[in-house]
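Structure file final_39.csv (CSV, C-alpha atoms and all ligand atoms) follows.
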```csv
chain,number,residue,atom,x,y,z
A,1,MET,CA,-13.3,-9.3,-4.4
A,2,ARG,CA,-15.1,-9.9,-1.1
A,3,TYR,CA,-13.1,-9.8,2.1
A,4,LEU,CA,-14.2,-11.6,5.3
A,5,VAL,CA,-12.9,-9.3,8.1
A,6,LEU,CA,-12.2,-11.0,11.4
A,7,SER,CA,-10.9,-9.4,14.6
A,8,ASP,CA,-10.4,-10.2,18.3
A,9,ILE,CA,-11.1,-13.9,18.1
A,10,HIS,CA,-9.5,-14.5,21.5
A,11,ALA,CA,-9.2,-18.3,21.3
A,12,ASN,CA,-13.0,-18.8,21.0
A,13,LEU,CA,-13.3,-21.7,18.6
A,14,GLN,CA,-17.0,-22.0,18.9
A,15,ALA,CA,-17.6,-18.4,17.9
A,16,LEU,CA,-15.0,-18.7,15.1
A,17,GLU,CA,-16.6,-21.8,13.6
A,18,THR,CA,-20.1,-20.2,13.7
A,19,VAL,CA,-18.8,-17.1,12.0
A,20,LEU,CA,-17.0,-19.0,9.3
A,21,ALA,CA,-20.1,-21.0,8.6
A,22,ALA,CA,-22.2,-17.9,8.4
A,23,ALA,CA,-19.7,-16.1,6.2
A,24,THR,CA,-19.6,-19.0,3.8
A,25,VAL,CA,-23.3,-18.7,3.3
A,26,SER,CA,-22.9,-14.9,2.7
A,27,GLY,CA,-19.9,-15.6,0.4
A,28,TYR,CA,-16.4,-14.3,0.5
A,29,ASP,CA,-13.1,-14.7,-1.4
A,30,GLN,CA,-10.3,-13.8,1.0
A,31,VAL,CA,-9.8,-13.4,4.7
A,32,VAL,CA,-8.5,-10.3,6.6
A,33,VAL,CA,-7.5,-10.7,10.2
A,34,LEU,CA,-7.1,-7.7,12.5
A,35,GLY,CA,-5.3,-9.4,15.4
A,36,ASP,CA,-5.8,-10.9,18.8
A,37,LEU,CA,-6.3,-14.5,17.7
A,38,VAL,CA,-5.7,-15.7,21.2
A,39,GLY,CA,-5.9,-14.6,24.9
A,40,TYR,CA,-8.9,-15.1,27.3
A,41,GLY,CA,-10.5,-18.1,25.5
A,42,GLY,CA,-10.1,-21.9,25.9
A,43,ASP,CA,-8.9,-23.0,22.5
A,44,PRO,CA,-5.8,-21.0,21.5
A,45,ASP,CA,-4.1,-23.8,19.6
A,46,ALA,CA,-7.1,-24.8,17.6
A,47,VAL,CA,-8.0,-21.2,16.7
A,48,VAL,CA,-4.4,-20.4,15.5
A,49,GLU,CA,-4.5,-23.6,13.5
A,50,ARG,CA,-7.9,-22.7,11.9
A,51,ILE,CA,-6.7,-19.2,11.0
A,52,ARG,CA,-3.5,-20.5,9.5
A,53,GLY,CA,-5.6,-22.9,7.4
A,54,LEU,CA,-7.7,-19.9,6.0
A,55,ASP,CA,-4.4,-18.4,4.6
A,56,PRO,CA,-5.4,-14.8,5.3
A,57,VAL,CA,-4.5,-12.4,2.5
A,58,ILE,CA,-3.5,-9.9,5.2
A,59,ILE,CA,-3.2,-10.3,9.0
A,60,VAL,CA,-1.7,-8.1,11.7
A,61,ARG,CA,-0.8,-9.0,15.3
A,62,GLY,CA,-2.7,-7.9,18.4
A,63,ASN,CA,-1.4,-7.1,21.8
A,64,HIS,CA,-2.5,-10.6,23.2
A,65,ASP,CA,-0.7,-12.3,20.3
A,66,LYS,CA,2.5,-10.5,21.2
A,67,VAL,CA,2.3,-11.6,24.8
A,68,ALA,CA,1.4,-15.2,23.8
A,69,ALA,CA,4.2,-15.3,21.3
A,70,GLY,CA,6.7,-14.1,24.0
A,71,ILE,CA,7.5,-10.9,22.0
A,72,GLU,CA,6.2,-8.8,24.9
A,73,ASP,CA,5.8,-9.5,28.6
A,74,SER,CA,2.4,-9.3,30.3
A,75,SER,CA,3.2,-6.3,32.5
A,76,GLY,CA,0.6,-4.2,30.7
A,77,PHE,CA,-2.2,-6.7,31.5
A,78,ASN,CA,-4.4,-7.0,34.5
A,79,ALA,CA,-4.1,-10.2,36.7
A,80,ILE,CA,-6.8,-12.1,34.8
A,81,ALA,CA,-5.5,-11.3,31.3
A,82,ARG,CA,-2.0,-12.2,32.5
A,83,ARG,CA,-3.1,-15.6,33.9
A,84,ALA,CA,-4.8,-16.4,30.6
A,85,ALA,CA,-1.8,-15.2,28.6
A,86,ILE,CA,0.6,-17.5,30.5
A,87,TRP,CA,-1.7,-20.5,30.1
A,88,THR,CA,-2.1,-19.6,26.4
A,89,ARG,CA,1.6,-19.5,25.8
A,90,GLU,CA,1.9,-23.0,27.3
A,91,SER,CA,-1.0,-24.3,25.3
A,92,LEU,CA,0.3,-23.4,21.8
A,93,SER,CA,2.2,-25.9,19.7
A,94,PRO,CA,5.7,-24.7,18.7
A,95,GLU,CA,4.4,-24.2,15.1
A,96,ASN,CA,1.4,-22.2,16.2
A,97,ARG,CA,3.4,-20.1,18.6
A,98,GLN,CA,5.9,-19.4,15.8
A,99,TYR,CA,3.0,-18.3,13.6
A,100,LEU,CA,2.1,-15.7,16.2
A,101,VAL,CA,5.8,-14.6,16.4
A,102,SER,CA,5.8,-14.1,12.6
A,103,LEU,CA,2.7,-11.9,12.5
A,104,PRO,CA,3.5,-8.3,11.3
A,105,ALA,CA,2.6,-5.1,13.1
A,106,GLY,CA,-0.1,-2.9,11.6
A,107,PRO,CA,-0.9,-0.7,9.9
A,108,LEU,CA,-0.6,-2.5,6.6
A,109,ALA,CA,-2.3,-1.6,3.3
A,110,LEU,CA,-4.5,-4.2,1.8
A,111,ASN,CA,-4.8,-2.2,-1.5
A,112,ASP,CA,-5.2,1.4,-2.7
A,113,SER,CA,-8.3,1.8,-0.7
A,114,VAL,CA,-8.0,-0.2,2.5
A,115,LEU,CA,-5.7,0.0,5.5
A,116,VAL,CA,-5.7,-2.6,8.3
A,117,CYS,CA,-4.5,-2.3,11.9
A,118,HIS,CA,-5.2,-3.8,15.3
A,119,GLY,CA,-5.5,-0.7,17.5
A,120,SER,CA,-5.0,2.5,15.5
A,121,PRO,CA,-3.0,3.5,12.4
A,122,GLU,CA,-0.9,5.6,14.7
A,123,ASP,CA,0.1,2.7,17.0
A,124,GLU,CA,-0.9,-0.9,17.0
A,125,ASP,CA,-1.7,-0.8,20.8
A,126,LEU,CA,-3.7,2.4,20.9
A,127,TYR,CA,-7.5,2.2,21.5
A,128,ILE,CA,-9.9,4.2,19.5
A,129,PHE,CA,-12.7,4.9,22.0
A,130,ASN,CA,-13.8,8.5,21.5
A,131,ASP,CA,-14.2,11.2,18.8
A,132,ARG,CA,-10.7,12.6,19.6
A,133,ASP,CA,-9.1,9.1,19.1
A,134,ALA,CA,-11.1,8.6,15.9
A,135,LEU,CA,-10.1,12.0,14.4
A,136,ARG,CA,-6.5,11.3,15.1
A,137,ALA,CA,-6.7,7.9,13.5
A,138,LEU,CA,-8.5,9.2,10.4
A,139,ARG,CA,-5.9,11.9,9.9
A,140,GLU,CA,-3.2,9.2,10.2
A,141,ALA,CA,-4.9,6.7,7.9
A,142,THR,CA,-3.3,6.6,4.4
A,143,ARG,CA,-6.3,5.0,2.7
A,144,PRO,CA,-10.0,5.9,2.5
A,145,VAL,CA,-11.1,2.9,4.5
A,146,CYS,CA,-9.3,2.0,7.8
A,147,LEU,CA,-10.2,-1.3,9.4
A,148,PHE,CA,-9.4,-1.6,13.1
A,149,GLY,CA,-10.1,-3.8,16.1
A,150,HIS,CA,-8.9,-3.9,19.8
A,151,THR,CA,-11.9,-2.2,21.4
A,152,HIS,CA,-14.3,-5.2,20.6
A,153,LEU,CA,-17.0,-2.6,19.7
A,154,PRO,CA,-18.4,-2.8,16.2
A,155,ILE,CA,-18.8,0.7,14.7
A,156,VAL,CA,-18.6,2.6,11.4
A,157,VAL,CA,-17.7,6.3,11.5
A,158,HIS,CA,-16.8,8.7,8.7
A,159,LEU,CA,-15.2,12.1,8.2
A,160,VAL,CA,-17.1,14.5,5.9
A,161,ASP,CA,-15.9,18.1,5.7
A,162,GLU,CA,-13.7,17.6,8.8
A,163,THR,CA,-16.8,16.5,10.7
A,164,LEU,CA,-16.9,13.1,12.3
A,165,GLU,CA,-20.2,11.2,12.1
A,166,LEU,CA,-21.5,7.9,13.4
A,167,VAL,CA,-22.7,5.9,10.4
A,168,ALA,CA,-23.6,2.6,12.0
A,169,ARG,CA,-23.4,0.2,14.9
A,170,ALA,CA,-23.9,-3.5,14.5
A,171,THR,CA,-27.2,-4.0,16.4
A,172,GLU,CA,-29.0,-6.0,13.7
A,173,ALA,CA,-28.1,-9.4,12.3
A,174,GLU,CA,-27.0,-7.6,9.2
A,175,THR,CA,-26.1,-3.9,8.9
A,176,ARG,CA,-25.2,-2.8,5.4
A,177,VAL,CA,-23.2,0.4,4.8
A,178,GLN,CA,-22.7,1.9,1.4
A,179,LEU,CA,-19.3,3.6,1.2
A,180,ALA,CA,-19.4,7.1,-0.4
A,181,PRO,CA,-16.6,8.2,-2.6
A,182,ALA,CA,-14.1,10.8,-1.3
A,183,VAL,CA,-15.1,10.1,2.3
A,184,LYS,CA,-12.7,8.6,4.9
A,185,TYR,CA,-14.1,5.7,7.0
A,186,LEU,CA,-13.0,4.1,10.2
A,187,ILE,CA,-14.6,0.6,10.6
A,188,ASN,CA,-14.4,-1.9,13.4
A,189,PRO,CA,-16.1,-5.2,12.5
A,190,GLY,CA,-16.5,-6.0,16.2
A,191,SER,CA,-15.1,-9.0,18.1
A,192,VAL,CA,-15.6,-12.6,17.0
A,193,GLY,CA,-14.8,-14.2,20.3
A,194,GLN,CA,-15.4,-11.6,23.1
A,195,PRO,CA,-18.0,-9.0,22.2
A,196,ARG,CA,-18.1,-6.0,24.6
A,197,ASP,CA,-21.1,-4.0,23.5
A,198,GLY,CA,-23.6,-5.8,25.7
A,199,ASP,CA,-24.5,-8.2,22.9
A,200,SER,CA,-23.2,-11.7,23.2
A,201,ARG,CA,-23.5,-12.5,19.5
A,202,ALA,CA,-20.2,-12.9,17.6
A,203,ALA,CA,-19.4,-10.1,15.2
A,204,PHE,CA,-17.7,-10.0,11.8
A,205,ALA,CA,-17.9,-8.1,8.5
A,206,ILE,CA,-17.7,-8.6,4.8
A,207,LEU,CA,-16.1,-5.8,2.8
A,208,ASP,CA,-16.7,-5.5,-0.9
A,209,PRO,CA,-14.5,-2.6,-2.2
A,210,GLY,CA,-15.7,-3.2,-5.8
A,211,ALA,CA,-19.3,-2.6,-4.7
A,212,SER,CA,-18.3,0.1,-2.2
A,213,SER,CA,-20.1,-1.7,0.6
A,214,ILE,CA,-19.5,-3.3,3.9
A,215,VAL,CA,-21.9,-5.5,5.8
A,216,LEU,CA,-21.6,-5.9,9.6
A,217,TYR,CA,-23.0,-9.2,10.9
A,218,ARG,CA,-24.0,-10.6,14.3
A,219,VAL,CA,-24.5,-14.3,14.8
A,220,PRO,CA,-25.5,-16.2,17.9
A,221,TYR,CA,-23.2,-19.1,18.7
A,222,ASP,CA,-22.9,-21.8,21.4
A,223,VAL,CA,-21.7,-19.5,24.3
A,224,ASN,CA,-22.2,-22.4,26.8
A,225,ALA,CA,-19.7,-24.5,25.0
A,226,ALA,CA,-17.1,-21.7,24.8
A,227,GLN,CA,-17.6,-21.0,28.5
A,228,ALA,CA,-17.1,-24.7,29.3
A,229,ARG,CA,-13.8,-24.7,27.5
A,230,ILE,CA,-12.6,-21.7,29.6
A,231,LEU,CA,-13.6,-23.5,32.8
A,232,GLU,CA,-12.1,-26.8,31.7
A,233,ALA,CA,-8.8,-25.0,31.1
A,234,GLY,CA,-8.8,-23.8,34.7
A,235,LEU,CA,-9.0,-20.1,33.5
A,236,PRO,CA,-10.8,-17.5,35.7
A,237,ALA,CA,-14.6,-18.0,35.8
A,238,SER,CA,-15.1,-14.3,35.0
A,239,LEU,CA,-13.7,-14.9,31.5
A,240,ALA,CA,-16.5,-17.4,31.0
A,241,HIS,CA,-19.1,-15.1,32.6
A,242,ARG,CA,-18.4,-12.1,30.4
A,243,LEU,CA,-19.1,-14.1,27.2
A,244,GLY,CA,-22.6,-14.6,28.4
A,245,VAL,CA,-23.2,-10.9,28.9
A,246,GLY,CA,-21.1,-9.6,26.0
A,247,ARG,CA,-18.9,-7.4,28.2
B,301,ZN,ZN,-8.7,-8.0,21.8
```
Mind turning this structure into structure tokens?
Ligand code: ZN
Amino acid sequence: MRYLVLSDIHANLQALETVLAAATVSGYDQVVVLGDLVGYGGDPDAVVERIRGLDPVIIVRGNHDKVAAGIEDSSGFNAIARRAAIWTRESLSPENRQYLVSLPAGPLALNDSVLVCHGSPEDEDLYIFNDRDALRALREATRPVCLFGHTHLPIVVHLVDETLELVARATEAETRVQLAPAVKYLINPGSVGQPRDGDSRAAFAILDPGASSIVLYRVPYDVNAAQARILEAGLPASLAHRLGVGR
């Protein structure tokens, strides 16, 4: 079974379509979504529709999904994110908004070997930014492989003999990681729709537990078209600009 792992799509339909086309070429069986389908981008309704159509085998909600769904208010957001969240909420069809309302909180177990969450296995809204965060998350993770999102930074780290080590970052078009037995992994596939590692290319991963491997991918997409959709929606220009610089 090969799982296409998508995270932090953020209403970027152009990036999502490019990722799905590339993933189809690589080959996958089922879809796993780590949350933040919407927020920031110009096509929230179309993106939720597309994800629903993929019928993910497992999906968890992100913090932006909660605000767009009306489950949480936007008091934790900065002014720009709040403006986008309010516009997003108004742009969603009742069915697509209900889909966001229905999304479960992480962490959820995909199977005996894989756990999925948006922020951290400890708390769906926590960010894993540094070694301390990663160690706490690995101790909390109930499966050997923990997939997470939220930071928009693709990374693979593992814990061997209580020591945390960086295994890979997704700087190449394809980065293959062979997963060793009896080792705990923390893996962020990166963000489909708003990368923040200084690389504007969309990020995703394909996990193959049977082959004990994961491949991190980066694909260029039509950033100009995604930026145009943000500006057409009347959203802050800074949200369009950041897609171009990958920040
Ligand atoms: Zn996000």
Completion exercise
Computed gap from CA of Ile128 in chain A to CA of Glu172 in chain A is 22.4 Å
Exercise for the section: Determine, counting all atoms listed in the file, which protein, DNA and RNA residues have an atom within 12 Å of an atom of Ser238 in chain A; residues of the same chain fewer than 3 positions away are not included. Present the result as a ChimeraX atom specification. Expected result: /A:40-41,79-81,84,227,230-231,234-235,241-247
Practice task
Give as a VMD selection string the residues surrounding ligand ZN 301 (chain B) up to a distance of 12 Å, considering all atoms listed in the file.
Solution key: chain A and resid 6 to 12 33 to 41 61 to 67 77 81 118 to 119 124 to 127 148 to 153 188 190 to 196
Exercise for the section: Rank A:Pro144, A:Arg2, A:Asn96, A:Ala15 by their smallest atom-to-atom distance to Ala211 in chain A, using only C-alpha atoms, and report the top residue only. Expected result: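 Selected residue with least distance to Ala211 in chain A: A:Arg2.
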Exercise for the section: Determine the nearest neighbour of Leu13 in chain A from the options A:Gly76, A:Ala228, A:Ile86, A:Leu164, counting all atoms listed in the file. Expected result: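 Comparing A:Gly76, A:Ala228, A:Ile86, A:Leu164 against Leu13 in chain A, the winner is A:Ala228.
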Exercise for the section: Measure the distance from CA of Leu103 in chain A to CA of Ala69 in chain A in Å and round it to one decimal. Expected result: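 Between CA of Leu103 in chain A and CA of Ala69 in chain A the gap is 9.6 Å.
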Counting only C-alpha atoms, find residues at most 12 Å from (-28.3, -16.2, 9.2) (file frame) and give them as a JSON list (two decimals) with C-alpha atoms, in the frame of the given file.
```json
[["chain", "number", "residue", "atom", "x", "y", "z"],
["A", 18, "THR", "CA", -20.10, -20.20, 13.70],
["A", 19, "VAL", "CA", -18.80, -17.10, 12.00],
["A", 20, "LEU", "CA", -17.00, -19.00, 9.30],
["A", 21, "ALA", "CA", -20.10, -21.00, 8.60],
["A", 22, "ALA", "CA", -22.20, -17.90, 8.40],
["A", 23, "ALA", "CA", -19.70, -16.10, 6.20],
["A", 24, "THR", "CA", -19.60, -19.00, 3.80],
["A", 25, "VAL", "CA", -23.30, -18.70, 3.30],
["A", 26, "SER", "CA", -22.90, -14.90, 2.70],
["A", 172, "GLU", "CA", -29.00, -6.00, 13.70],
["A", 173, "ALA", "CA", -28.10, -9.40, 12.30],
["A", 174, "GLU", "CA", -27.00, -7.60, 9.20],
["A", 201, "ARG", "CA", -23.50, -12.50, 19.50],
["A", 217, "TYR", "CA", -23.00, -9.20, 10.90],
["A", 218, "ARG", "CA", -24.00, -10.60, 14.30],
["A", 219, "VAL", "CA", -24.50, -14.30, 14.80],
["A", 220, "PRO", "CA", -25.50, -16.20, 17.90],
["A", 221, "TYR", "CA", -23.20, -19.10, 18.70]]
```
Exercise for the section: For each of A:Val48, A:Ile187, A:Ile206, A:Val223, take the minimum atom-to-atom distance to Leu147 in chain A, counting all atoms listed in the file, then give the residue where this is smallest. Expected result: A:Ile187
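With CA of His158 in chain A on one side and CA of Leu138 in chain A on the other, the separation reads 8.5 Å.
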Output range 101-112 of chain A as a PDB file, in the frame of the given file, making sure all heavy atoms are there.
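Written out: part_10.pdb:
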```pdb
ATOM      1  N   VAL A 101       4.545 -15.385  16.431  1.00  0.00           N
ATOM      2  CA  VAL A 101       5.800 -14.600  16.400  1.00  0.00           C
ATOM      3  C   VAL A 101       5.972 -13.913  15.075  1.00  0.00           C
ATOM      4  O   VAL A 101       6.432 -12.775  14.997  1.00  0.00           O
ATOM      5  CB  VAL A 101       7.016 -15.538  16.702  1.00  0.00           C
ATOM      6  CG1 VAL A 101       8.328 -14.798  16.463  1.00  0.00           C
ATOM      7  CG2 VAL A 101       6.973 -16.096  18.122  1.00  0.00           C
ATOM      8  N   SER A 102       5.559 -14.603  14.008  1.00  0.00           N
ATOM      9  CA  SER A 102       5.800 -14.100  12.600  1.00  0.00           C
ATOM     10  C   SER A 102       4.810 -13.034  12.194  1.00  0.00           C
ATOM     11  O   SER A 102       4.998 -12.414  11.139  1.00  0.00           O
ATOM     12  CB  SER A 102       5.780 -15.263  11.656  1.00  0.00           C
ATOM     13  OG  SER A 102       4.433 -15.675  11.441  1.00  0.00           O
ATOM     14  N   LEU A 103       3.742 -12.816  12.964  1.00  0.00           N
ATOM     15  CA  LEU A 103       2.700 -11.900  12.500  1.00  0.00           C
ATOM     16  C   LEU A 103       3.271 -10.447  12.471  1.00  0.00           C
ATOM     17  O   LEU A 103       3.914  -9.998  13.410  1.00  0.00           O
ATOM     18  CB  LEU A 103       1.486 -11.908  13.430  1.00  0.00           C
ATOM     19  CG  LEU A 103       0.689 -13.201  13.458  1.00  0.00           C
ATOM     20  CD1 LEU A 103      -0.489 -13.071  14.420  1.00  0.00           C
ATOM     21  CD2 LEU A 103       0.196 -13.573  12.069  1.00  0.00           C
ATOM     22  N   PRO A 104       2.981  -9.701  11.402  1.00  0.00           N
ATOM     23  CA  PRO A 104       3.500  -8.300  11.300  1.00  0.00           C
ATOM     24  C   PRO A 104       2.670  -7.342  12.133  1.00  0.00           C
ATOM     25  O   PRO A 104       1.511  -7.596  12.460  1.00  0.00           O
ATOM     26  CB  PRO A 104       3.330  -8.018   9.802  1.00  0.00           C
ATOM     27  CG  PRO A 104       2.193  -8.865   9.359  1.00  0.00           C
ATOM     28  CD  PRO A 104       2.227 -10.115  10.198  1.00  0.00           C
ATOM     29  N   ALA A 105       3.287  -6.228  12.453  1.00  0.00           N
ATOM     30  CA  ALA A 105       2.600  -5.100  13.100  1.00  0.00           C
ATOM     31  C   ALA A 105       1.804  -4.335  12.080  1.00  0.00           C
ATOM     32  O   ALA A 105       2.231  -4.222  10.933  1.00  0.00           O
ATOM     33  CB  ALA A 105       3.598  -4.218  13.810  1.00  0.00           C
ATOM     34  N   GLY A 106       0.654  -3.790  12.488  1.00  0.00           N
ATOM     35  CA  GLY A 106      -0.100  -2.900  11.600  1.00  0.00           C
ATOM     36  C   GLY A 106       0.484  -1.470  11.818  1.00  0.00           C
ATOM     37  O   GLY A 106       1.294  -1.261  12.719  1.00  0.00           O
ATOM     38  N   PRO A 107       0.063  -0.500  11.010  1.00  0.00           N
ATOM     39  CA  PRO A 107      -0.900  -0.700   9.900  1.00  0.00           C
ATOM     40  C   PRO A 107      -0.237  -1.240   8.659  1.00  0.00           C
ATOM     41  O   PRO A 107       0.933  -1.023   8.409  1.00  0.00           O
ATOM     42  CB  PRO A 107      -1.357   0.772   9.662  1.00  0.00           C
ATOM     43  CG  PRO A 107      -0.179   1.630  10.038  1.00  0.00           C
ATOM     44  CD  PRO A 107       0.487   0.916  11.177  1.00  0.00           C
ATOM     45  N   LEU A 108      -1.056  -1.993   7.909  1.00  0.00           N
ATOM     46  CA  LEU A 108      -0.600  -2.500   6.600  1.00  0.00           C
ATOM     47  C   LEU A 108      -1.731  -2.167   5.594  1.00  0.00           C
ATOM     48  O   LEU A 108      -2.919  -2.164   5.927  1.00  0.00           O
ATOM     49  CB  LEU A 108      -0.513  -4.047   6.654  1.00  0.00           C
ATOM     50  CG  LEU A 108       0.637  -4.665   7.454  1.00  0.00           C
ATOM     51  CD1 LEU A 108       0.534  -6.186   7.385  1.00  0.00           C
ATOM     52  CD2 LEU A 108       1.988  -4.201   6.950  1.00  0.00           C
ATOM     53  N   ALA A 109      -1.303  -1.894   4.365  1.00  0.00           N
ATOM     54  CA  ALA A 109      -2.300  -1.600   3.300  1.00  0.00           C
ATOM     55  C   ALA A 109      -2.696  -2.870   2.618  1.00  0.00           C
ATOM     56  O   ALA A 109      -1.854  -3.668   2.205  1.00  0.00           O
ATOM     57  CB  ALA A 109      -1.673  -0.619   2.312  1.00  0.00           C
ATOM     58  N   LEU A 110      -4.006  -3.076   2.515  1.00  0.00           N
ATOM     59  CA  LEU A 110      -4.500  -4.200   1.800  1.00  0.00           C
ATOM     60  C   LEU A 110      -4.478  -3.935   0.286  1.00  0.00           C
ATOM     61  O   LEU A 110      -4.142  -4.798  -0.517  1.00  0.00           O
ATOM     62  CB  LEU A 110      -5.987  -4.481   2.225  1.00  0.00           C
ATOM     63  CG  LEU A 110      -6.800  -5.510   1.455  1.00  0.00           C
ATOM     64  CD1 LEU A 110      -6.211  -6.901   1.594  1.00  0.00           C
ATOM     65  CD2 LEU A 110      -8.253  -5.510   1.920  1.00  0.00           C
ATOM     66  N   ASN A 111      -4.818  -2.707  -0.070  1.00  0.00           N
ATOM     67  CA  ASN A 111      -4.800  -2.200  -1.500  1.00  0.00           C
ATOM     68  C   ASN A 111      -4.812  -0.710  -1.454  1.00  0.00           C
ATOM     69  O   ASN A 111      -4.571  -0.114  -0.399  1.00  0.00           O
ATOM     70  CB  ASN A 111      -5.926  -2.854  -2.280  1.00  0.00           C
ATOM     71  CG  ASN A 111      -7.279  -2.598  -1.629  1.00  0.00           C
ATOM     72  OD1 ASN A 111      -7.488  -1.554  -1.015  1.00  0.00           O
ATOM     73  ND2 ASN A 111      -8.180  -3.541  -1.742  1.00  0.00           N
ATOM     74  N   ASP A 112      -5.153  -0.106  -2.579  1.00  0.00           N
ATOM     75  CA  ASP A 112      -5.200   1.400  -2.700  1.00  0.00           C
ATOM     76  C   ASP A 112      -6.230   2.007  -1.790  1.00  0.00           C
ATOM     77  O   ASP A 112      -6.157   3.202  -1.497  1.00  0.00           O
ATOM     78  CB  ASP A 112      -5.393   1.824  -4.110  1.00  0.00           C
ATOM     79  CG  ASP A 112      -4.181   1.542  -4.963  1.00  0.00           C
ATOM     80  OD1 ASP A 112      -3.119   1.231  -4.393  1.00  0.00           O
ATOM     81  OD2 ASP A 112      -4.309   1.627  -6.206  1.00  0.00           O
TER      82      ASP A 112
END
```
